[in-house]
Amino acid sequence: MAVSDLRPVDVILEKRGGAEHDPERLEAFIRGYLEGSVPDYQVAAWLMAVCWRGMSDRETAQLTRVMAASGDVLDLEGLPHTVDKHSTGGVGDKTSLVLAPLLAAAGATVAKMSGRGLGHTGGTVDKLESIPGFRSHLRHEDFLRQAREVGVVVTGQSKDLAPADGLLYALRDATGTVESLPLIASSIMSKKLAGGASAIVLDVKVGSGAFMKTPAEARALAEAMVAIGRHAGRTMRAVLSSMAQPLGRAVGNALEVQEAVACLRGEGPDDLRELCLVLAGEVLEASGLPRTRSELEALIDGGQAYERFERWISAQGGDPGAVDGLALAEGREVIRAKRSGVLAELDALAVGRAAGVLGAGRARKGDPVDPGVGIVLHAKVGDEVARDEPLLTLVHRAGRGLDAARGLLDGTLAVTDEAVAVPLVLETGLHGA
Ligand code: URA
């Protein structure tokens, strides 16, 4: 359908009444928005109607397809076993830094464009940029050459990847229409589809530090994204994992790089290692390269995954040898247990916000992040702690944000007498068949 044949108000009325859009009309509406013939206010009204009325799987898949096709689509044809992973975002989530070289060491190709964080701490690219010399902008041909030669390349997301999503997201942000399952699912998946990988694993986080607060909400989002990917011919897997407490023991950009490297050297922490093994097993199986858990563990413990990390960082101009001595801010403030018992709560959202106000995250797009600040956790939920034992260390730069961070954490570290069970991986193997 030509954009000029469309009356945008009809699309709004259709959705307001709860009807399903014809795929061609939906495409013309979104294309019209991109070309400027459908104004912001009409798209905003339609977005609000979508929030209330929802979209069918067919409509969601079509919206995703149109957004994915609105800019560059990476052509990874010819590269072996292309895989990608998406996390819906959490505190201390550095899994991509471990997973990417682990997957490459297992024979897959990880050619990934990663967004910058707009949350409490930076995104994968912000974390990588705390390594001196690391280049997160590569020319297209260098990106593909590195994918071929090293098996792993991660850059910042090109503004030409799914530009329709960028525009729609900004409008959603300004009109209170972010929280809609089909809009979230299509937004995330448009970038994944444009990223070109043939097998994709989604790590959908559940809990206080995540977008989705309950397993039921997370499962619904996972199922919607899996359906979109399958519709577009990709092999999909989704995992639900807990974000009730931060992942691992480090929150903050350089701190998280150090922890990811420790994990690649076989030195844990256990929860990070476990999640990486689960995600790797899922996506490798989906891409036709099944590996047992002990084979994956051997790639970590035998040094192949770490060796691939070194090759990857060097290929992008970084100094892997510098990782052990990354510059951290000098300030330290220790928060101690007020009583003895079992740590029952270590609220991911509070820790994330506290790391954010210390400078680890950005409030607005384009703000700088401070790579050297963050929070180190000395205990995790379920651990026994003694009175006055350190629970957290805040790593701060000359006191910046320290009072606010203390205030955010106040009352969020509960110690009780009861044993506490803390499942990490809540569900695996969601693949929509
Ligand atoms: N992340 C995205 O990329 N899009 C959304 O709509 C929400 C989270």
# chains A, B, ... in the order shown; residues from 1 in each chain; ligands from 1
$ residues_near_ligand --ligand "ligand 1" --cutoff "8 Å" --atoms "only C-alpha atoms and all ligand atoms" --output "PyMOL selection string"
chain A and resi 88+165+169+178-180+183-189+191+211
$ residues_around --residues "A:Leu102" --least-positions-apart "4" --cutoff "8 Å" --atoms "only C-alpha atoms" --output "list in words"
Val98, Ala106, Ala280, Leu296, Leu299, Ile300, Gln304, Ala305, Tyr306 and Arg308 of chain A
$ write_last_selection --atoms "C-alpha atoms" --output "PDB file, in the first residue's frame"
ATOM      1  CA  VAL A  98      32.249 -13.945  29.122  1.00  0.00           C
ATOM      2  CA  ALA A 106      33.216 -23.371  20.889  1.00  0.00           C
ATOM      3  CA  ALA A 280      26.053 -20.852  25.967  1.00  0.00           C
ATOM      4  CA  LEU A 296      31.865 -25.839  27.970  1.00  0.00           C
ATOM      5  CA  LEU A 299      36.754 -24.414  27.392  1.00  0.00           C
ATOM      6  CA  ILE A 300      36.846 -22.096  30.426  1.00  0.00           C
ATOM      7  CA  GLN A 304      40.594 -21.480  25.427  1.00  0.00           C
ATOM      8  CA  ALA A 305      37.822 -19.002  26.269  1.00  0.00           C
ATOM      9  CA  TYR A 306      40.282 -16.611  27.929  1.00  0.00           C
ATOM     10  CA  ARG A 308      39.853 -15.966  22.675  1.00  0.00           C
TER      11      ARG A 308
END
$ residues_around --residues "A:Ala244" --least-positions-apart "2" --cutoff "12 Å" --atoms "only C-alpha atoms" --output "PyMOL selection string"
chain A and resi 90-92+205-215+241-242+246-247+344-352+380-381+412+421-426
$ write_last_selection --atoms "N, CA and C atoms" --output "tab-separated table (two decimals), in the first residue's frame"
chain	number	residue	atom	x	y	z
A	90	GLY	N	20.11	-5.84	33.52
A	90	GLY	CA	20.11	-6.07	34.95
A	90	GLY	C	21.33	-5.45	35.57
A	91	VAL	N	21.47	-5.62	36.85
A	91	VAL	CA	22.55	-4.96	37.60
A	91	VAL	C	23.71	-5.96	37.74
A	92	GLY	N	24.90	-5.52	37.33
A	92	GLY	CA	26.07	-6.42	37.39
A	92	GLY	C	26.07	-7.45	36.27
A	205	LYS	N	15.31	-11.12	32.29
A	205	LYS	CA	15.54	-10.99	33.73
A	205	LYS	C	14.23	-10.77	34.48
A	206	VAL	N	14.17	-11.31	35.67
A	206	VAL	CA	12.98	-11.17	36.51
A	206	VAL	C	13.40	-10.65	37.88
A	207	GLY	N	12.72	-9.62	38.38
A	207	GLY	CA	13.00	-9.19	39.75
A	207	GLY	C	13.14	-7.70	39.87
A	208	SER	N	13.52	-7.24	41.06
A	208	SER	CA	13.47	-5.81	41.35
A	208	SER	C	14.36	-5.00	40.41
A	209	GLY	N	15.51	-5.59	40.01
A	209	GLY	CA	16.44	-4.84	39.16
A	209	GLY	C	16.12	-4.98	37.69
A	210	ALA	N	14.99	-5.59	37.34
A	210	ALA	CA	14.68	-5.87	35.93
A	210	ALA	C	13.42	-5.12	35.51
A	211	PHE	N	13.23	-5.05	34.20
A	211	PHE	CA	12.03	-4.47	33.61
A	211	PHE	C	10.79	-5.28	34.03
A	212	MET	N	10.93	-6.59	34.02
A	212	MET	CA	9.82	-7.50	34.33
A	212	MET	C	9.95	-7.94	35.79
A	213	LYS	N	8.94	-7.65	36.57
A	213	LYS	CA	9.05	-7.88	38.02
A	213	LYS	C	8.60	-9.29	38.42
A	214	THR	N	7.79	-9.96	37.59
A	214	THR	CA	7.31	-11.30	37.98
A	214	THR	C	7.65	-12.31	36.87
A	215	PRO	N	7.78	-13.62	37.25
A	215	PRO	CA	8.05	-14.64	36.24
A	215	PRO	C	6.99	-14.67	35.14
A	241	SER	N	15.98	-15.54	34.08
A	241	SER	CA	16.94	-15.60	35.19
A	241	SER	C	16.66	-14.47	36.19
A	242	SER	N	17.06	-14.74	37.42
A	242	SER	CA	16.68	-13.84	38.52
A	242	SER	C	17.52	-12.56	38.53
A	246	PRO	N	22.02	-8.41	42.43
A	246	PRO	CA	22.91	-8.24	41.28
A	246	PRO	C	23.56	-9.57	40.89
A	247	LEU	N	23.99	-9.67	39.63
A	247	LEU	CA	24.71	-10.86	39.16
A	247	LEU	C	26.18	-10.70	39.50
A	344	ALA	N	19.37	-11.81	53.66
A	344	ALA	CA	18.11	-12.25	53.06
A	344	ALA	C	17.72	-11.36	51.89
A	345	GLU	N	18.26	-10.15	51.82
A	345	GLU	CA	17.89	-9.26	50.73
A	345	GLU	C	19.04	-8.35	50.38
A	346	LEU	N	19.30	-8.27	49.07
A	346	LEU	CA	20.35	-7.40	48.54
A	346	LEU	C	19.74	-6.83	47.27
A	347	ASP	N	18.91	-5.85	47.45
A	347	ASP	CA	18.01	-5.41	46.38
A	347	ASP	C	18.77	-4.90	45.16
A	348	ALA	N	18.56	-5.59	44.03
A	348	ALA	CA	19.30	-5.26	42.81
A	348	ALA	C	19.04	-3.82	42.38
A	349	LEU	N	17.80	-3.39	42.50
A	349	LEU	CA	17.47	-2.03	42.04
A	349	LEU	C	18.21	-0.99	42.88
A	350	ALA	N	18.22	-1.21	44.21
A	350	ALA	CA	18.89	-0.25	45.09
A	350	ALA	C	20.39	-0.22	44.81
A	351	VAL	N	21.00	-1.39	44.63
A	351	VAL	CA	22.45	-1.43	44.35
A	351	VAL	C	22.72	-0.76	43.00
A	352	GLY	N	21.88	-1.05	42.02
A	352	GLY	CA	22.05	-0.45	40.69
A	352	GLY	C	21.95	1.07	40.75
A	380	LYS	N	26.42	-12.49	49.32
A	380	LYS	CA	25.26	-12.59	48.44
A	380	LYS	C	24.10	-13.18	49.26
A	381	VAL	N	22.91	-13.05	48.71
A	381	VAL	CA	21.73	-13.54	49.44
A	381	VAL	C	21.91	-15.03	49.76
A	412	THR	N	17.98	-1.51	52.78
A	412	THR	CA	17.73	-2.52	51.73
A	412	THR	C	18.54	-3.80	51.94
A	421	ALA	N	16.59	-19.44	50.17
A	421	ALA	CA	16.94	-20.11	48.91
A	421	ALA	C	16.93	-19.07	47.79
A	422	VAL	N	17.90	-19.15	46.89
A	422	VAL	CA	17.98	-18.12	45.85
A	422	VAL	C	18.21	-18.75	44.47
A	423	PRO	N	17.13	-19.16	43.80
A	423	PRO	CA	17.32	-19.73	42.46
A	423	PRO	C	17.82	-18.66	41.49
A	424	LEU	N	18.74	-19.02	40.63
A	424	LEU	CA	19.29	-18.06	39.65
A	424	LEU	C	18.59	-18.23	38.31
A	425	VAL	N	18.59	-19.47	37.82
A	425	VAL	CA	17.97	-19.70	36.51
A	425	VAL	C	16.58	-20.24	36.78
A	426	LEU	N	15.56	-19.51	36.32
A	426	LEU	CA	14.18	-19.86	36.68
A	426	LEU	C	13.54	-20.76	35.62
$ select_by_dssp --residues "stretch 69-272 of chain A" --states "strand (DSSP E)" --output "PyMOL selection string"
chain A and resi 83-87+110-114+152-156+199-206+235-242+250-251
$ residues_around --residues "A:Ala147" --least-positions-apart "6" --cutoff "9 Å" --atoms "only C-alpha atoms" --output "ChimeraX atom specification"
/A:79,109-111,153
$ closest_residue --among "A:Pro8, A:Gly321, A:Gly341, A:Gly196" --to "A:Leu76" --atoms "only C-alpha atoms"
A:Gly196
$ closest_atom_pairs --of "stretch 42-102 of chain A" --to "stretch 133-142 of chain A" --cutoff "12 Å" --atoms "only C-alpha atoms" --output "CSV"
residue,atom,partner,partner_atom,distance
A:Asp72,CA,A:His140,CA,11.0
A:Val73,CA,A:His140,CA,11.7
A:Leu74,CA,A:His140,CA,9.3
A:Asp75,CA,A:His140,CA,10.5
A:Leu76,CA,A:His140,CA,11.4
$ closest_residue --among "A:Ile12, A:Leu255, A:Leu103, A:Ala2" --to "A:Asp324" --atoms "only C-alpha atoms"
A:Leu255
$ residues_around --residues "A:Arg291" --least-positions-apart "2" --cutoff "12 Å" --atoms "only C-alpha atoms" --output "ChimeraX atom specification"
/A:102-103,105-108,277-289,293-299
$ write_last_selection --atoms "N, CA, C and O atoms" --output "mmCIF file, in the first residue's frame"
data_model
loop_
_atom_site.group_PDB
_atom_site.id
_atom_site.type_symbol
_atom_site.label_atom_id
_atom_site.label_comp_id
_atom_site.auth_asym_id
_atom_site.auth_seq_id
_atom_site.Cartn_x
_atom_site.Cartn_y
_atom_site.Cartn_z
ATOM 1 N N LEU A 102 33.565 -17.267 24.932
ATOM 2 C CA LEU A 102 33.283 -18.690 25.181
ATOM 3 C C LEU A 102 32.616 -19.312 23.944
ATOM 4 O O LEU A 102 32.979 -20.402 23.503
ATOM 5 N N LEU A 103 31.650 -18.598 23.371
ATOM 6 C CA LEU A 103 30.959 -19.111 22.185
ATOM 7 C C LEU A 103 31.912 -19.219 21.005
ATOM 8 O O LEU A 103 31.876 -20.185 20.231
ATOM 9 N N ALA A 105 35.111 -19.684 21.191
ATOM 10 C CA ALA A 105 36.009 -20.818 21.446
ATOM 11 C C ALA A 105 35.314 -22.144 21.138
ATOM 12 O O ALA A 105 35.968 -23.137 20.828
ATOM 13 N N ALA A 106 33.970 -22.143 21.189
ATOM 14 C CA ALA A 106 33.216 -23.371 20.889
ATOM 15 C C ALA A 106 32.940 -23.514 19.395
ATOM 16 O O ALA A 106 32.294 -24.477 18.981
ATOM 17 N N GLY A 107 33.374 -22.549 18.582
ATOM 18 C CA GLY A 107 33.218 -22.680 17.135
ATOM 19 C C GLY A 107 32.150 -21.791 16.526
ATOM 20 O O GLY A 107 31.924 -21.827 15.320
ATOM 21 N N ALA A 108 31.470 -20.974 17.339
ATOM 22 C CA ALA A 108 30.427 -20.091 16.810
ATOM 23 C C ALA A 108 31.037 -18.731 16.450
ATOM 24 O O ALA A 108 32.178 -18.439 16.807
ATOM 25 N N LEU A 277 27.216 -20.533 31.376
ATOM 26 C CA LEU A 277 27.196 -21.918 30.885
ATOM 27 C C LEU A 277 25.805 -22.268 30.345
ATOM 28 O O LEU A 277 25.673 -22.914 29.302
ATOM 29 N N VAL A 278 24.770 -21.820 31.063
ATOM 30 C CA VAL A 278 23.399 -22.120 30.617
ATOM 31 C C VAL A 278 23.106 -21.433 29.280
ATOM 32 O O VAL A 278 22.630 -22.052 28.324
ATOM 33 N N LEU A 279 23.434 -20.130 29.197
ATOM 34 C CA LEU A 279 23.143 -19.383 27.957
ATOM 35 C C LEU A 279 23.946 -19.955 26.790
ATOM 36 O O LEU A 279 23.438 -20.083 25.665
ATOM 37 N N ALA A 280 25.210 -20.302 27.043
ATOM 38 C CA ALA A 280 26.053 -20.852 25.967
ATOM 39 C C ALA A 280 25.474 -22.181 25.491
ATOM 40 O O ALA A 280 25.352 -22.416 24.275
ATOM 41 N N GLY A 281 25.090 -23.042 26.428
ATOM 42 C CA GLY A 281 24.538 -24.350 26.051
ATOM 43 C C GLY A 281 23.297 -24.181 25.187
ATOM 44 O O GLY A 281 23.125 -24.854 24.170
ATOM 45 N N GLU A 282 22.439 -23.236 25.569
ATOM 46 C CA GLU A 282 21.186 -23.022 24.826
ATOM 47 C C GLU A 282 21.456 -22.543 23.399
ATOM 48 O O GLU A 282 20.920 -23.077 22.442
ATOM 49 N N VAL A 283 22.287 -21.511 23.264
ATOM 50 C CA VAL A 283 22.425 -20.902 21.937
ATOM 51 C C VAL A 283 23.277 -21.787 21.019
ATOM 52 O O VAL A 283 23.062 -21.830 19.810
ATOM 53 N N LEU A 284 24.224 -22.534 21.597
ATOM 54 C CA LEU A 284 25.027 -23.425 20.754
ATOM 55 C C LEU A 284 24.161 -24.564 20.225
ATOM 56 O O LEU A 284 24.248 -24.941 19.050
ATOM 57 N N GLU A 285 23.312 -25.068 21.073
ATOM 58 C CA GLU A 285 22.407 -26.137 20.626
ATOM 59 C C GLU A 285 21.492 -25.602 19.516
ATOM 60 O O GLU A 285 21.296 -26.253 18.491
ATOM 61 N N ALA A 286 21.001 -24.360 19.705
ATOM 62 C CA ALA A 286 20.122 -23.758 18.692
ATOM 63 C C ALA A 286 20.856 -23.546 17.373
ATOM 64 O O ALA A 286 20.251 -23.568 16.307
ATOM 65 N N SER A 287 22.164 -23.344 17.434
ATOM 66 C CA SER A 287 22.888 -23.045 16.190
ATOM 67 C C SER A 287 23.500 -24.297 15.563
ATOM 68 O O SER A 287 24.299 -24.196 14.646
ATOM 69 N N GLY A 288 23.130 -25.463 16.096
ATOM 70 C CA GLY A 288 23.621 -26.702 15.488
ATOM 71 C C GLY A 288 25.029 -27.069 15.914
ATOM 72 O O GLY A 288 25.727 -27.792 15.211
ATOM 73 N N LEU A 289 25.477 -26.559 17.061
ATOM 74 C CA LEU A 289 26.806 -26.886 17.588
ATOM 75 C C LEU A 289 26.661 -27.370 19.031
ATOM 76 O O LEU A 289 27.237 -26.777 19.935
ATOM 77 N N ARG A 293 27.713 -29.648 29.036
ATOM 78 C CA ARG A 293 28.167 -28.716 30.064
ATOM 79 C C ARG A 293 29.658 -28.926 30.365
ATOM 80 O O ARG A 293 30.413 -27.981 30.496
ATOM 81 N N SER A 294 30.081 -30.209 30.419
ATOM 82 C CA SER A 294 31.498 -30.412 30.766
ATOM 83 C C SER A 294 32.401 -29.946 29.630
ATOM 84 O O SER A 294 33.513 -29.466 29.872
ATOM 85 N N GLU A 295 31.945 -30.013 28.387
ATOM 86 C CA GLU A 295 32.765 -29.469 27.281
ATOM 87 C C GLU A 295 32.910 -27.950 27.416
ATOM 88 O O GLU A 295 33.986 -27.388 27.200
ATOM 89 N N LEU A 296 31.804 -27.304 27.800
ATOM 90 C CA LEU A 296 31.865 -25.839 27.970
ATOM 91 C C LEU A 296 32.765 -25.474 29.152
ATOM 92 O O LEU A 296 33.562 -24.528 29.076
ATOM 93 N N GLU A 297 32.634 -26.245 30.233
ATOM 94 C CA GLU A 297 33.490 -25.968 31.403
ATOM 95 C C GLU A 297 34.957 -26.138 31.041
ATOM 96 O O GLU A 297 35.815 -25.365 31.475
ATOM 97 N N ALA A 298 35.233 -27.145 30.195
ATOM 98 C CA ALA A 298 36.630 -27.387 29.801
ATOM 99 C C ALA A 298 37.167 -26.214 28.962
ATOM 100 O O ALA A 298 38.358 -25.889 29.046
ATOM 101 N N LEU A 299 36.289 -25.570 28.188
ATOM 102 C CA LEU A 299 36.754 -24.414 27.392
ATOM 103 C C LEU A 299 37.148 -23.256 28.309
ATOM 104 O O LEU A 299 38.036 -22.465 27.982
#
$ select_by_dssp --residues "stretch 138-354 of chain A" --states "alpha helix (DSSP H)" --output "ChimeraX atom specification"
/A:140-150,163-175,181-194,215-231,253-264,270-286,293-301,304-315,348-354
$ residues_around --residues "A:Arg362" --least-positions-apart "3" --cutoff "10 Å" --atoms "only C-alpha atoms" --output "PDB file with all heavy atoms, in the first residue's frame"
ATOM      1  N   ARG A 116      24.563   1.178  24.160  1.00  0.00           N
ATOM      2  CA  ARG A 116      25.151   1.722  25.388  1.00  0.00           C
ATOM      3  C   ARG A 116      24.086   1.697  26.460  1.00  0.00           C
ATOM      4  O   ARG A 116      22.908   1.806  26.162  1.00  0.00           O
ATOM      5  CB  ARG A 116      25.607   3.156  25.154  1.00  0.00           C
ATOM      6  CG  ARG A 116      26.898   3.186  24.424  1.00  0.00           C
ATOM      7  CD  ARG A 116      27.332   4.578  24.084  1.00  0.00           C
ATOM      8  NE  ARG A 116      28.362   4.475  23.078  1.00  0.00           N
ATOM      9  CZ  ARG A 116      29.627   4.189  23.355  1.00  0.00           C
ATOM     10  NH1 ARG A 116      30.018   4.050  24.584  1.00  0.00           N
ATOM     11  NH2 ARG A 116      30.508   4.068  22.390  1.00  0.00           N
ATOM     12  N   GLY A 117      24.516   1.570  27.718  1.00  0.00           N
ATOM     13  CA  GLY A 117      23.524   1.481  28.781  1.00  0.00           C
ATOM     14  C   GLY A 117      22.832   2.812  29.005  1.00  0.00           C
ATOM     15  O   GLY A 117      23.448   3.857  28.941  1.00  0.00           O
ATOM     16  N   LEU A 118      21.540   2.737  29.234  1.00  0.00           N
ATOM     17  CA  LEU A 118      20.826   3.945  29.667  1.00  0.00           C
ATOM     18  C   LEU A 118      20.293   3.654  31.055  1.00  0.00           C
ATOM     19  O   LEU A 118      19.220   4.070  31.412  1.00  0.00           O
ATOM     20  CB  LEU A 118      19.661   4.222  28.702  1.00  0.00           C
ATOM     21  CG  LEU A 118      19.529   5.614  28.128  1.00  0.00           C
ATOM     22  CD1 LEU A 118      18.150   5.869  27.600  1.00  0.00           C
ATOM     23  CD2 LEU A 118      19.949   6.727  29.075  1.00  0.00           C
ATOM     24  N   GLY A 119      21.042   2.871  31.799  1.00  0.00           N
ATOM     25  CA  GLY A 119      20.529   2.477  33.108  1.00  0.00           C
ATOM     26  C   GLY A 119      21.501   2.845  34.197  1.00  0.00           C
ATOM     27  O   GLY A 119      22.253   3.814  34.082  1.00  0.00           O
ATOM     28  N   HIS A 120      21.482   2.016  35.256  1.00  0.00           N
ATOM     29  CA  HIS A 120      22.272   2.319  36.442  1.00  0.00           C
ATOM     30  C   HIS A 120      23.756   2.198  36.169  1.00  0.00           C
ATOM     31  O   HIS A 120      24.569   2.917  36.734  1.00  0.00           O
ATOM     32  CB  HIS A 120      21.872   1.384  37.574  1.00  0.00           C
ATOM     33  CG  HIS A 120      20.392   1.164  37.626  1.00  0.00           C
ATOM     34  ND1 HIS A 120      19.523   2.208  37.789  1.00  0.00           N
ATOM     35  CD2 HIS A 120      19.639   0.042  37.502  1.00  0.00           C
ATOM     36  CE1 HIS A 120      18.294   1.721  37.777  1.00  0.00           C
ATOM     37  NE2 HIS A 120      18.340   0.432  37.595  1.00  0.00           N
ATOM     38  N   THR A 121      24.128   1.206  35.336  1.00  0.00           N
ATOM     39  CA  THR A 121      25.535   1.089  34.952  1.00  0.00           C
ATOM     40  C   THR A 121      25.572   1.064  33.439  1.00  0.00           C
ATOM     41  O   THR A 121      24.538   1.022  32.785  1.00  0.00           O
ATOM     42  CB  THR A 121      26.167  -0.203  35.507  1.00  0.00           C
ATOM     43  OG1 THR A 121      25.394  -1.305  35.068  1.00  0.00           O
ATOM     44  CG2 THR A 121      26.219  -0.189  37.025  1.00  0.00           C
ATOM     45  N   GLY A 122      26.787   1.079  32.890  1.00  0.00           N
ATOM     46  CA  GLY A 122      26.901   1.140  31.442  1.00  0.00           C
ATOM     47  C   GLY A 122      26.462  -0.162  30.778  1.00  0.00           C
ATOM     48  O   GLY A 122      26.183  -1.161  31.433  1.00  0.00           O
ATOM     49  N   GLY A 356      24.739   3.889  40.060  1.00  0.00           N
ATOM     50  CA  GLY A 356      24.443   4.962  39.098  1.00  0.00           C
ATOM     51  C   GLY A 356      24.793   6.333  39.646  1.00  0.00           C
ATOM     52  O   GLY A 356      25.439   7.135  38.971  1.00  0.00           O
ATOM     53  N   VAL A 357      24.393   6.613  40.898  1.00  0.00           N
ATOM     54  CA  VAL A 357      24.663   7.958  41.432  1.00  0.00           C
ATOM     55  C   VAL A 357      26.155   8.148  41.747  1.00  0.00           C
ATOM     56  O   VAL A 357      26.645   9.274  41.779  1.00  0.00           O
ATOM     57  CB  VAL A 357      23.802   8.335  42.669  1.00  0.00           C
ATOM     58  CG1 VAL A 357      22.335   8.376  42.306  1.00  0.00           C
ATOM     59  CG2 VAL A 357      24.052   7.424  43.847  1.00  0.00           C
ATOM     60  N   GLY A 359      28.244   7.382  39.647  1.00  0.00           N
ATOM     61  CA  GLY A 359      28.766   7.797  38.335  1.00  0.00           C
ATOM     62  C   GLY A 359      28.930   6.664  37.341  1.00  0.00           C
ATOM     63  O   GLY A 359      29.407   6.879  36.226  1.00  0.00           O
ATOM     64  N   LYS A 365      20.905  10.018  27.507  1.00  0.00           N
ATOM     65  CA  LYS A 365      21.682   9.565  26.361  1.00  0.00           C
ATOM     66  C   LYS A 365      22.840  10.534  26.138  1.00  0.00           C
ATOM     67  O   LYS A 365      22.640  11.749  26.188  1.00  0.00           O
ATOM     68  CB  LYS A 365      20.752   9.592  25.141  1.00  0.00           C
ATOM     69  CG  LYS A 365      21.012   8.532  24.129  1.00  0.00           C
ATOM     70  CD  LYS A 365      19.897   8.535  23.127  1.00  0.00           C
ATOM     71  CE  LYS A 365      20.340   7.779  21.899  1.00  0.00           C
ATOM     72  NZ  LYS A 365      19.303   7.668  20.911  1.00  0.00           N
ATOM     73  N   GLY A 366      24.030  10.007  25.909  1.00  0.00           N
ATOM     74  CA  GLY A 366      25.159  10.886  25.595  1.00  0.00           C
ATOM     75  C   GLY A 366      25.955  11.321  26.810  1.00  0.00           C
ATOM     76  O   GLY A 366      27.073  11.810  26.673  1.00  0.00           O
ATOM     77  N   ASP A 367      25.412  11.172  28.039  1.00  0.00           N
ATOM     78  CA  ASP A 367      26.189  11.504  29.242  1.00  0.00           C
ATOM     79  C   ASP A 367      27.410  10.588  29.293  1.00  0.00           C
ATOM     80  O   ASP A 367      27.339   9.431  28.877  1.00  0.00           O
ATOM     81  CB  ASP A 367      25.369  11.223  30.520  1.00  0.00           C
ATOM     82  CG  ASP A 367      24.316  12.284  30.785  1.00  0.00           C
ATOM     83  OD1 ASP A 367      24.303  13.286  30.055  1.00  0.00           O
ATOM     84  OD2 ASP A 367      23.498  12.090  31.709  1.00  0.00           O
ATOM     85  N   PRO A 368      28.535  11.066  29.877  1.00  0.00           N
ATOM     86  CA  PRO A 368      29.674  10.147  30.047  1.00  0.00           C
ATOM     87  C   PRO A 368      29.440   9.216  31.233  1.00  0.00           C
ATOM     88  O   PRO A 368      28.667   9.539  32.132  1.00  0.00           O
ATOM     89  CB  PRO A 368      30.845  11.099  30.335  1.00  0.00           C
ATOM     90  CG  PRO A 368      30.205  12.314  30.914  1.00  0.00           C
ATOM     91  CD  PRO A 368      28.799  12.412  30.370  1.00  0.00           C
ATOM     92  N   VAL A 369      30.097   8.044  31.242  1.00  0.00           N
ATOM     93  CA  VAL A 369      30.078   7.209  32.451  1.00  0.00           C
ATOM     94  C   VAL A 369      31.482   7.225  33.039  1.00  0.00           C
ATOM     95  O   VAL A 369      32.456   7.404  32.330  1.00  0.00           O
ATOM     96  CB  VAL A 369      29.645   5.737  32.188  1.00  0.00           C
ATOM     97  CG1 VAL A 369      28.234   5.656  31.668  1.00  0.00           C
ATOM     98  CG2 VAL A 369      30.606   5.030  31.252  1.00  0.00           C
ATOM     99  N   ASP A 370      31.563   7.058  34.359  1.00  0.00           N
ATOM    100  CA  ASP A 370      32.873   6.984  35.020  1.00  0.00           C
ATOM    101  C   ASP A 370      33.239   5.495  35.099  1.00  0.00           C
ATOM    102  O   ASP A 370      32.593   4.746  35.844  1.00  0.00           O
ATOM    103  CB  ASP A 370      32.772   7.592  36.421  1.00  0.00           C
ATOM    104  CG  ASP A 370      34.124   7.636  37.125  1.00  0.00           C
ATOM    105  OD1 ASP A 370      35.025   6.857  36.737  1.00  0.00           O
ATOM    106  OD2 ASP A 370      34.270   8.433  38.076  1.00  0.00           O
TER     107      ASP A 370
END
$ residues_around --residues "A:Ala354" --least-positions-apart "4" --cutoff "7 Å" --atoms "only C-alpha atoms" --output "compact mmCIF listing (two decimals) with all heavy atoms, in the first residue's frame"
# COMPACT_ATOMS: atom_id res chain seq x y z
N ALA A 350 18.22 -1.21 44.21
CA ALA A 350 18.89 -0.25 45.09
C ALA A 350 20.39 -0.22 44.81
O ALA A 350 21.00 0.86 44.73
CB ALA A 350 18.62 -0.61 46.55
N LEU A 358 26.88 7.04 41.93
CA LEU A 358 28.34 7.18 42.09
C LEU A 358 29.00 7.56 40.75
O LEU A 358 30.17 7.95 40.73
CB LEU A 358 28.95 5.87 42.60
CG LEU A 358 28.57 5.45 44.03
CD1 LEU A 358 29.13 4.06 44.34
CD2 LEU A 358 29.06 6.46 45.06
N ALA A 405 24.12 7.61 47.45
CA ALA A 405 24.25 6.15 47.35
C ALA A 405 23.95 5.50 48.70
O ALA A 405 23.21 4.51 48.77
CB ALA A 405 25.66 5.78 46.88
N LEU A 408 20.26 5.52 49.24
CA LEU A 408 19.53 4.54 48.42
C LEU A 408 19.65 3.13 49.00
O LEU A 408 18.75 2.31 48.87
CB LEU A 408 20.08 4.55 46.98
CG LEU A 408 19.64 5.75 46.14
CD1 LEU A 408 20.55 5.92 44.92
CD2 LEU A 408 18.19 5.58 45.70
N LEU A 409 20.81 2.85 49.63
CA LEU A 409 21.03 1.49 50.14
C LEU A 409 20.46 1.31 51.55
O LEU A 409 20.24 0.17 51.98
CB LEU A 409 22.54 1.19 50.16
CG LEU A 409 23.14 1.04 48.75
CD1 LEU A 409 24.66 1.12 48.81
CD2 LEU A 409 22.70 -0.28 48.13
$ closest_atom_pairs --of "stretch 17-109 of chain A" --to "stretch 174-177 of chain A" --cutoff "10 Å" --atoms "only C-alpha atoms" --output "tab-separated table"
residue	atom	partner	partner_atom	distance
A:Tyr41	CA	A:Thr175	CA	9.8
A:Ala44	CA	A:Thr175	CA	6.7
A:Ala45	CA	A:Thr175	CA	9.0
A:Trp46	CA	A:Thr177	CA	10.0
A:Leu47	CA	A:Thr177	CA	6.4
A:Met48	CA	A:Thr177	CA	6.1
A:Ala49	CA	A:Thr177	CA	9.4
A:Val50	CA	A:Thr177	CA	8.6
A:Cys51	CA	A:Thr177	CA	6.5
A:Trp52	CA	A:Thr177	CA	9.7
$ atom_distance --atom1 "atom CA of A:Ser340" --atom2 "atom CA of A:Glu389"
8.5 Å
$ closest_residue --among "A:Val415, A:Val342, A:Val226, A:Val373" --to "A:His396" --atoms "only C-alpha atoms"
A:Val373
$ closest_residue --among "A:Arg332, A:Lys127, A:Arg219, A:Arg234" --to "A:Ser198" --atoms "only C-alpha atoms"
A:Arg234
$ atom_distance --atom1 "atom CA of A:Met243" --atom2 "atom CA of A:Thr393"
20.0 Å
